[in-house]
Amino acid sequence: MRRLGVHTSIAGGIDLSILRAKELGCNTLQIFSHNPRTWKKPEFSEEVINRFREYRRLYDMNPLYIHTSYLINIASSNKQIRELSLKMLIWELDTADMLGADYLILHPGSSSEDVLKGKKLAMDILKKVRDTKSWNVKVLLENTAGERGDISSTIEELWELVESCGDLSGGVCLDTCHTFQAGYDIRSKEGIEGFIDNIMKVIGQEMVKLIHLNDSKREFHSGIDRHEHIGKGKIGLRGLKDFLTNETFKDIPVILETPKKSDRDDIRNLRRVKDMLSV
């Protein structure tokens, strides 16, 4: 069975995210380990950690993905931001191990000044992290949408950063909205095949460990990261279905990060994806 889930809320306790995913009919999930818009690091009781692990085992939620804080920017030209990002990333890795996560997803960041310099700064941080200690969890670097200053919107740039992770790396996470916005037209089978050919040549099939399946609010190659409900955006049902069911990606877990005002939104989006997979 294809592993399919959504980014799930940890409101009220991180252990409750597993129960929410189960109620939605998911068999994998992605969470934040804390409020992603603050540098504050919470503490978790042994009771909550044990309950989280037990719920996950009981409901077979695999793999488990944790998405890093939105504030982390290892490519920033601001030294204070880089130092805070380094400390937060190490804390995220420690927390991911504590919770038993398989993968930690990281946006490599952006530079407000010089993209090449930003890329070098990011690589330096990744090397510092990998030399700090060893973790069981592996880092997945996510492709970005090509917004101003992005350092990982092309497959080639993404791979450069993956290589700098060394043993810390578990591979990559491919986001369909980001892919589309960065200039890879995945609305047609021809466009998808071209993108996959690039993946195979530069990264390799075995390094793709997760698909973030999201439609796009904005037109092709706008360089703007705005997710839309499945089939309601500019990529559309046909493009997303062809991408999802391509032979290369057929066994890769899928996480939705679609807009959400209530659980009904997740239910509708999950149903559309399940319909895609059943045909």
# chains A, B, ... in the order shown; residues from 1 in each chain; ligands from 1

call {"tool": "select_by_dssp", "arguments": {"residues": "range 79-245 of chain A", "states": "strand (DSSP E or B)", "output": "ChimeraX atom specification"}}
result
/A:103-106,110,138-142,150,169-175,208-213,215-216,227-228

call {"tool": "write_last_selection", "arguments": {"atoms": "C-alpha atoms", "output": "JSON list (two decimals), in the first residue's frame"}}
result
[["chain", "number", "residue", "atom", "x", "y", "z"],
["A", 103, "TYR", "CA", 13.64, 11.84, 8.33],
["A", 104, "LEU", "CA", 14.07, 15.54, 9.08],
["A", 105, "ILE", "CA", 13.08, 17.81, 6.19],
["A", 106, "LEU", "CA", 15.08, 20.98, 5.69],
["A", 110, "SER", "CA", 17.97, 31.79, 0.75],
["A", 138, "LYS", "CA", 18.53, 11.44, 8.23],
["A", 139, "VAL", "CA", 18.12, 14.87, 6.65],
["A", 140, "LEU", "CA", 16.08, 15.32, 3.48],
["A", 141, "LEU", "CA", 16.80, 18.54, 1.61],
["A", 142, "GLU", "CA", 13.74, 19.97, -0.14],
["A", 150, "ASP", "CA", 16.72, 30.63, -3.20],
["A", 169, "SER", "CA", 21.89, 13.00, 4.25],
["A", 170, "GLY", "CA", 19.04, 10.65, 3.55],
["A", 171, "GLY", "CA", 18.32, 12.14, 0.13],
["A", 172, "VAL", "CA", 15.76, 14.64, -1.11],
["A", 173, "CYS", "CA", 12.13, 15.64, -0.77],
["A", 174, "LEU", "CA", 10.49, 16.80, -4.00],
["A", 175, "ASP", "CA", 7.66, 19.32, -3.72],
["A", 208, "VAL", "CA", 14.12, 10.55, -3.66],
["A", 209, "LYS", "CA", 12.55, 9.64, -0.31],
["A", 210, "LEU", "CA", 9.42, 11.79, -0.17],
["A", 211, "ILE", "CA", 6.99, 13.65, -2.42],
["A", 212, "HIS", "CA", 5.21, 16.74, -1.12],
["A", 213, "LEU", "CA", 2.13, 16.65, -3.34],
["A", 215, "ASP", "CA", -1.00, 22.08, -6.38],
["A", 216, "SER", "CA", 0.08, 25.65, -7.14],
["A", 227, "HIS", "CA", 0.18, 25.84, -2.30],
["A", 228, "GLU", "CA", -3.33, 25.02, -3.53]]

call {"tool": "closest_residue", "arguments": {"among": "A:Asp102, A:Glu156, A:Asp225, A:Asp185", "to": "Tyr65 in chain A", "atoms": "only C-alpha atoms"}}
result
A:Asp102

call {"tool": "residues_around", "arguments": {"residues": "Gly183 in chain A", "least_positions_apart": "5", "cutoff": "10 Å", "atoms": "only C-alpha atoms", "output": "PyMOL selection string"}}
result
chain A and resi 145-146+153-154+178+195+220-223

call {"tool": "atom_distance", "arguments": {"atom1": "CA of Pro42 in chain A", "atom2": "CA of Ile81 in chain A"}}
result
19.5 Å

call {"tool": "select_by_dssp", "arguments": {"residues": "range 8-75 of chain A", "states": "alpha helix (DSSP H)", "output": "PyMOL selection string"}}
result
chain A and resi 16-23+46-59

call {"tool": "write_last_selection", "arguments": {"atoms": "C-alpha atoms", "output": "compact mmCIF listing (two decimals), in the first residue's frame"}}
result
# COMPACT_ATOMS: atom_id res chain seq x y z
CA LEU A 16 -2.06 13.79 19.47
CA SER A 17 -0.71 14.22 15.93
CA ILE A 18 -0.62 10.43 15.54
CA LEU A 19 -4.28 10.14 16.56
CA ARG A 20 -5.25 12.90 14.12
CA ALA A 21 -3.42 11.16 11.28
CA LYS A 22 -5.17 7.89 12.14
CA GLU A 23 -8.58 9.60 12.08
CA GLU A 46 9.01 11.16 29.05
CA GLU A 47 5.32 10.29 29.28
CA VAL A 48 4.46 12.21 26.09
CA ILE A 49 7.44 10.79 24.19
CA ASN A 50 6.52 7.23 25.17
CA ARG A 51 2.88 7.81 24.23
CA PHE A 52 3.92 9.27 20.87
CA ARG A 53 6.12 6.26 20.11
CA GLU A 54 3.45 3.79 21.22
CA TYR A 55 0.70 5.41 19.12
CA ARG A 56 2.99 5.37 16.12
CA ARG A 57 3.78 1.68 16.61
CA LEU A 58 0.15 0.81 17.23
CA TYR A 59 -1.13 2.54 14.08

call {"tool": "residues_around", "arguments": {"residues": "Leu71 in chain A", "least_positions_apart": "3", "cutoff": "9 Å", "atoms": "only C-alpha atoms", "output": "NGL selection string"}}
result
:A and (36-39 or 68 or 81 or 84-85 or 88)

call {"tool": "decode", "arguments": {"residues": "range 52-64 of chain A", "atoms": "N, CA and C atoms", "output": "PDB file, in the first residue's frame"}}
result
ATOM      1  N   PHE A  52       3.730   9.003  22.295  1.00  0.00           N
ATOM      2  CA  PHE A  52       3.921   9.267  20.869  1.00  0.00           C
ATOM      3  C   PHE A  52       4.459   8.032  20.162  1.00  0.00           C
ATOM      4  N   ARG A  53       5.500   7.439  20.722  1.00  0.00           N
ATOM      5  CA  ARG A  53       6.120   6.259  20.105  1.00  0.00           C
ATOM      6  C   ARG A  53       5.154   5.070  20.084  1.00  0.00           C
ATOM      7  N   GLU A  54       4.383   4.917  21.155  1.00  0.00           N
ATOM      8  CA  GLU A  54       3.452   3.794  21.222  1.00  0.00           C
ATOM      9  C   GLU A  54       2.304   3.954  20.222  1.00  0.00           C
ATOM     10  N   TYR A  55       1.753   5.160  20.114  1.00  0.00           N
ATOM     11  CA  TYR A  55       0.704   5.407  19.124  1.00  0.00           C
ATOM     12  C   TYR A  55       1.221   5.133  17.718  1.00  0.00           C
ATOM     13  N   ARG A  56       2.423   5.576  17.457  1.00  0.00           N
ATOM     14  CA  ARG A  56       2.995   5.366  16.122  1.00  0.00           C
ATOM     15  C   ARG A  56       3.134   3.878  15.823  1.00  0.00           C
ATOM     16  N   ARG A  57       3.636   3.118  16.807  1.00  0.00           N
ATOM     17  CA  ARG A  57       3.782   1.677  16.613  1.00  0.00           C
ATOM     18  C   ARG A  57       2.418   1.009  16.424  1.00  0.00           C
ATOM     19  N   LEU A  58       1.469   1.412  17.250  1.00  0.00           N
ATOM     20  CA  LEU A  58       0.147   0.808  17.227  1.00  0.00           C
ATOM     21  C   LEU A  58      -0.555   1.014  15.896  1.00  0.00           C
ATOM     22  N   TYR A  59      -0.411   2.210  15.316  1.00  0.00           N
ATOM     23  CA  TYR A  59      -1.131   2.543  14.085  1.00  0.00           C
ATOM     24  C   TYR A  59      -0.255   2.486  12.840  1.00  0.00           C
ATOM     25  N   ASP A  60       0.972   1.978  12.982  1.00  0.00           N
ATOM     26  CA  ASP A  60       1.870   1.759  11.845  1.00  0.00           C
ATOM     27  C   ASP A  60       2.030   3.011  10.996  1.00  0.00           C
ATOM     28  N   MET A  61       2.434   4.100  11.621  1.00  0.00           N
ATOM     29  CA  MET A  61       2.663   5.360  10.916  1.00  0.00           C
ATOM     30  C   MET A  61       4.122   5.427  10.476  1.00  0.00           C
ATOM     31  N   ASN A  62       4.357   5.021   9.256  1.00  0.00           N
ATOM     32  CA  ASN A  62       5.729   4.951   8.740  1.00  0.00           C
ATOM     33  C   ASN A  62       5.796   5.377   7.269  1.00  0.00           C
ATOM     34  N   PRO A  63       6.859   6.068   6.897  1.00  0.00           N
ATOM     35  CA  PRO A  63       7.882   6.663   7.765  1.00  0.00           C
ATOM     36  C   PRO A  63       7.304   7.869   8.530  1.00  0.00           C
ATOM     37  N   LEU A  64       8.066   8.327   9.495  1.00  0.00           N
ATOM     38  CA  LEU A  64       7.718   9.538  10.234  1.00  0.00           C
ATOM     39  C   LEU A  64       8.649  10.659   9.799  1.00  0.00           C
TER      40      LEU A  64
END
